Amino acid sequence: MKVDVLLGLQWGDEGKGKIVDVLSANYDIIARFQGGPNAGHTLEMDGFKHVLHTIPSGIFHPNTLNVIGNGVIIDPFILRKEIGLLQEKGVNPFENLVVSKRAHLILPSHRLLDAVNEMSRGESKIGSTLKGIGPTYTDKTARNGIRIGDIFMPYFEERYQLLKELHFRMASSTGIDPAQFTLDGKSFGDYEKEWFQAIEAIKAIKQVDSEYLINEALDNGKRVLAEGAQGTLLDVDFGSYPFVTSSNTITAGVCSGLGVAPNRIGKIMGVFKAYCTRVGSGPFPTEQENEDGELMRDAGREFGSTTGRARRCGWLDIPALKYSVMINGVTELIIMKADVLSPFDKIKVCTAYEFNNEITEKLSYEAGQGVVVPLYEDLAGWKVDITEIKAENELPASFRDYIKYIENKTGVGISMISVGPDRTQTIER
């Protein structure tokens, strides 16, 4: 067996969590392979909404094992809250959740450094979620990090104190007194106390050598789905740097984030919205700072599930989508939030960029820096509420034309259509 992959093709917030939830019944294992609590995967089912940040989106399926892989970074404080919210809904995550011993911990002082770094950028802020993601990955790369497996070791608290002191010295060099800093409305000391309480609470999660678990499951014919967080255009290498996340969000990240070889990757499902959104700073060629953008935001409830910030909205960007398909080796596409475009008479689609009086259909380095002019084609809108449609042949003709148009432009078929937020509002083709 091979690992199937599901990941986002835009700037995150594509709706991956819903699709993982829909597909989970078909898989024995759902595994997160990168990112941390900066992710927000929203699931809507049976009249309620739930947001997951660290735990894989298959957690509501009791027969599916959920794996937090070694490439994920974990804030125990946030993870404990996440577990508590699941328990309130009658889900016991301790029964079908395991965590890699090699996954790195986000310390309270990582969050402190994240805020200090963002403040020091002034008007050049990258739009960090302030969850400590960048500093934690920095420590991982610098070989200073502390991992989940360390919490049972006798040296854990000593290593924690040494790293915290290093972070305090770094923060103090900017003129900020770390001891006076607040996190989530709490003093650093109070937050730290709760963080250590959370460490004790998450010790109940089974720790595993996830690379062995995944590979042995494949050898035994188990079906595994790797769940990506954020999106391709936020990849630390191939996204709109420096306005990116700190991990590899692309298919290649599955290999390092779960410990599987490239030849064990199966089908690659790329999730994208029928339009584009972005949270925070950074280039966004098709952004619509006008009535069209406002309509997309209102109809799509485009507010960040992690930060609550309003998302920037714009038309679908074909060069960027084709770039993501290429980088990831996407074998099938899944289109989300098609219903949001129902009010529009015309649908605009960016098909190329103009830069220095030249036209290109590639997401070049210059396009990634936001110094291009988007060129559009107009397509007919469908002007019909599609949220109750259950079968493809019931979709309006102009919407079916939109699907064909995207397939022709990308060279990849669309296998699934989402026409609303609930798991039941999904059409499989």
# chains A, B, ... in the order shown; residues from 1 in each chain; ligands from 1
call {"tool": "residues_around", "arguments": {"residues": "Leu379 in chain A", "least_positions_apart": "5", "cutoff": "10 Å", "atoms": "only C-alpha atoms", "output": "PyMOL selection string"}}
result
chain A and resi 345-349+398-399+401-402+405
call {"tool": "write_last_selection", "arguments": {"atoms": "C-alpha atoms", "output": "PDB file, in the first residue's frame"}}
result
ATOM      1  CA  ASP A 345     -23.226  37.507 -12.791  1.00  0.00           C
ATOM      2  CA  LYS A 346     -19.672  37.083 -14.076  1.00  0.00           C
ATOM      3  CA  ILE A 347     -16.817  35.042 -12.711  1.00  0.00           C
ATOM      4  CA  LYS A 348     -13.338  36.369 -13.361  1.00  0.00           C
ATOM      5  CA  VAL A 349     -10.367  33.999 -13.615  1.00  0.00           C
ATOM      6  CA  SER A 398     -22.522  27.376 -16.380  1.00  0.00           C
ATOM      7  CA  PHE A 399     -21.113  25.861 -13.187  1.00  0.00           C
ATOM      8  CA  ASP A 401     -18.581  24.805 -17.621  1.00  0.00           C
ATOM      9  CA  TYR A 402     -16.509  26.392 -14.823  1.00  0.00           C
ATOM     10  CA  TYR A 405     -12.569  25.222 -17.705  1.00  0.00           C
TER      11      TYR A 405
END
call {"tool": "select_by_dssp", "arguments": {"residues": "range 130-164 of chain A", "states": "helix (DSSP H, G or I)", "output": "list in words"}}
result
Ile133, Gly134, Pro135, Thr136, Tyr137, Thr138, Asp139, Lys140, Thr141, Ile148, Gly149, Asp150, Ile151, Phe152, Phe156, Glu157, Glu158, Arg159, Tyr160, Gln161, Leu162, Leu163 and Lys164 of chain A
call {"tool": "closest_atom_pairs", "arguments": {"of": "range 25-125 of chain A", "to": "range 182-188 of chain A", "cutoff": "9 Å", "atoms": "only C-alpha atoms", "output": "JSON lines"}}
result
{"residue": "A:Pro108", "atom": "CA", "partner": "A:Phe188", "partner_atom": "CA", "distance": 7.6}
{"residue": "A:Ser109", "atom": "CA", "partner": "A:Phe188", "partner_atom": "CA", "distance": 8.4}
{"residue": "A:Arg111", "atom": "CA", "partner": "A:Leu183", "partner_atom": "CA", "distance": 7.8}
{"residue": "A:Leu112", "atom": "CA", "partner": "A:Leu183", "partner_atom": "CA", "distance": 7.6}
call {"tool": "select_by_dssp", "arguments": {"residues": "range 142-229 of chain A", "states": "strand (DSSP E or B)", "output": "PyMOL selection string"}}
result
chain A and resi 147+182-183+186-187+206-208+224-227
call {"tool": "write_last_selection", "arguments": {"atoms": "C-alpha atoms", "output": "PDB file, in the first residue's frame"}}
result
ATOM      1  CA  ARG A 147      10.661  16.844  21.643  1.00  0.00           C
ATOM      2  CA  THR A 182       1.537  38.316  28.623  1.00  0.00           C
ATOM      3  CA  LEU A 183       0.342  35.271  26.686  1.00  0.00           C
ATOM      4  CA  LYS A 186      -1.979  35.690  31.308  1.00  0.00           C
ATOM      5  CA  SER A 187       1.351  36.663  32.801  1.00  0.00           C
ATOM      6  CA  LYS A 206       0.216   7.201  23.482  1.00  0.00           C
ATOM      7  CA  GLN A 207       3.693   8.059  22.199  1.00  0.00           C
ATOM      8  CA  VAL A 208       4.982   6.091  19.226  1.00  0.00           C
ATOM      9  CA  VAL A 224      -3.065   5.797   5.212  1.00  0.00           C
ATOM     10  CA  LEU A 225      -3.974   9.409   4.407  1.00  0.00           C
ATOM     11  CA  ALA A 226      -1.461  12.204   5.063  1.00  0.00           C
ATOM     12  CA  GLU A 227      -3.250  15.436   6.017  1.00  0.00           C
TER      13      GLU A 227
END
call {"tool": "closest_residue", "arguments": {"among": "A:Phe60, A:Ser246, A:Val372, A:His41", "to": "Gly90 in chain A", "atoms": "only C-alpha atoms"}}
result
A:Phe60
call {"tool": "atom_distance", "arguments": {"atom1": "CA of Gly228 in chain A", "atom2": "CA of Phe33 in chain A"}}
result
6.4 Å
call {"tool": "atom_distance", "arguments": {"atom1": "CA of Ala229 in chain A", "atom2": "CA of Val3 in chain A"}}
result
16.3 Å
call {"tool": "residues_around", "arguments": {"residues": "Leu97 in chain A", "least_positions_apart": "2", "cutoff": "10 Å", "atoms": "only C-alpha atoms", "output": "NGL selection string"}}
result
:A and (29-31 or 55-56 or 58-59 or 62 or 64-68 or 92-95 or 99 or 205-207)
call {"tool": "atom_distance", "arguments": {"atom1": "CA of Arg301 in chain A", "atom2": "CA of Asn408 in chain A"}}
result
29.1 Å
call {"tool": "closest_atom_pairs", "arguments": {"of": "range 82-180 of chain A", "to": "range 250-268 of chain A", "cutoff": "12 Å", "atoms": "only C-alpha atoms", "output": "Markdown table"}}
result
| residue | atom | partner | partner_atom | distance |
| --- | --- | --- | --- | --- |
| A:Val99 | CA | A:Leu258 | CA | 11.1 |
| A:Ser100 | CA | A:Leu258 | CA | 8.9 |
| A:Lys101 | CA | A:Leu258 | CA | 11.6 |
| A:Arg102 | CA | A:Gly257 | CA | 9.9 |
| A:Ala103 | CA | A:Gly257 | CA | 9.1 |
| A:His104 | CA | A:Gly257 | CA | 11.5 |
call {"tool": "closest_residue", "arguments": {"among": "A:Arg297, A:Lys390, A:His167, A:Lys89", "to": "Gly132 in chain A", "atoms": "only C-alpha atoms"}}
result
A:His167
call {"tool": "residues_around", "arguments": {"residues": "Ala171 in chain A", "least_positions_apart": "2", "cutoff": "12 Å", "atoms": "only C-alpha atoms", "output": "list in words"}}
result
Ser109, His110, Arg111, Leu112, Leu113, Asp114, Ala115, Val116, Asn117, Glu118, Met119, Ser120, Pro135, Lys164, Glu165, Leu166, His167, Phe168, Arg169, Ser173, Thr174, Gly175, Ile176, Asp177, Pro178, Ala179, Gln180 and Phe181 of chain A
call {"tool": "residues_around", "arguments": {"residues": "Lys222 in chain A", "least_positions_apart": "6", "cutoff": "10 Å", "atoms": "only C-alpha atoms", "output": "JSON, numbers by chain"}}
result
{"A": [1, 2, 3, 27, 28, 29, 214, 215, 216]}
call {"tool": "write_last_selection", "arguments": {"atoms": "C-alpha atoms", "output": "PDB file, in the first residue's frame"}}
result
ATOM      1  CA  MET A   1       0.000   0.000   0.000  1.00  0.00           C
ATOM      2  CA  LYS A   2       0.959   3.642  -0.439  1.00  0.00           C
ATOM      3  CA  VAL A   3       0.278   6.830   1.506  1.00  0.00           C
ATOM      4  CA  TYR A  27      -8.782   5.064   5.690  1.00  0.00           C
ATOM      5  CA  ASP A  28      -7.324   3.198   8.640  1.00  0.00           C
ATOM      6  CA  ILE A  29      -4.921   6.010   9.575  1.00  0.00           C
ATOM      7  CA  ILE A 214       3.197   4.163   9.341  1.00  0.00           C
ATOM      8  CA  ASN A 215       5.518   1.912   7.352  1.00  0.00           C
ATOM      9  CA  GLU A 216       4.418  -1.260   9.132  1.00  0.00           C
TER      10      GLU A 216
END
call {"tool": "residues_around", "arguments": {"residues": "range 353-357 of chain A", "least_positions_apart": "3", "cutoff": "6 Å", "atoms": "only C-alpha atoms", "output": "MDAnalysis selection string"}}
result
chainID A and resid 360 372:375
call {"tool": "write_last_selection", "arguments": {"atoms": "C-alpha atoms", "output": "PDB file, in the first residue's frame"}}
result
ATOM      1  CA  THR A 360       3.633  34.851 -18.632  1.00  0.00           C
ATOM      2  CA  VAL A 372       2.893  41.475 -11.570  1.00  0.00           C
ATOM      3  CA  VAL A 373      -0.419  42.570 -13.071  1.00  0.00           C
ATOM      4  CA  PRO A 374      -3.053  39.788 -13.330  1.00  0.00           C
ATOM      5  CA  LEU A 375      -4.797  39.252 -16.659  1.00  0.00           C
TER       6      LEU A 375
END
call {"tool": "residues_around", "arguments": {"residues": "Glu428 in chain A", "least_positions_apart": "2", "cutoff": "7 Å", "atoms": "only C-alpha atoms", "output": "number ranges by chain"}}
result
A: 415-417, 426
call {"tool": "write_last_selection", "arguments": {"atoms": "C-alpha atoms", "output": "CSV table (one decimal), in the first residue's frame"}}
result
chain,number,residue,atom,x,y,z
A,415,SER,CA,-13.0,14.4,-8.3
A,416,MET,CA,-15.1,16.2,-5.7
A,417,ILE,CA,-17.2,19.3,-5.4
A,426,THR,CA,-20.2,17.2,-1.0
call {"tool": "closest_residue", "arguments": {"among": "A:Asp422, A:Asn328, A:Ala380, A:Phe238", "to": "Ser364 in chain A", "atoms": "only C-alpha atoms"}}
result
A:Phe238
call {"tool": "closest_residue", "arguments": {"among": "A:Arg159, A:Ala25, A:Glu294, A:Gly270", "to": "Ile327 in chain A", "atoms": "only C-alpha atoms"}}
result
A:Gly270
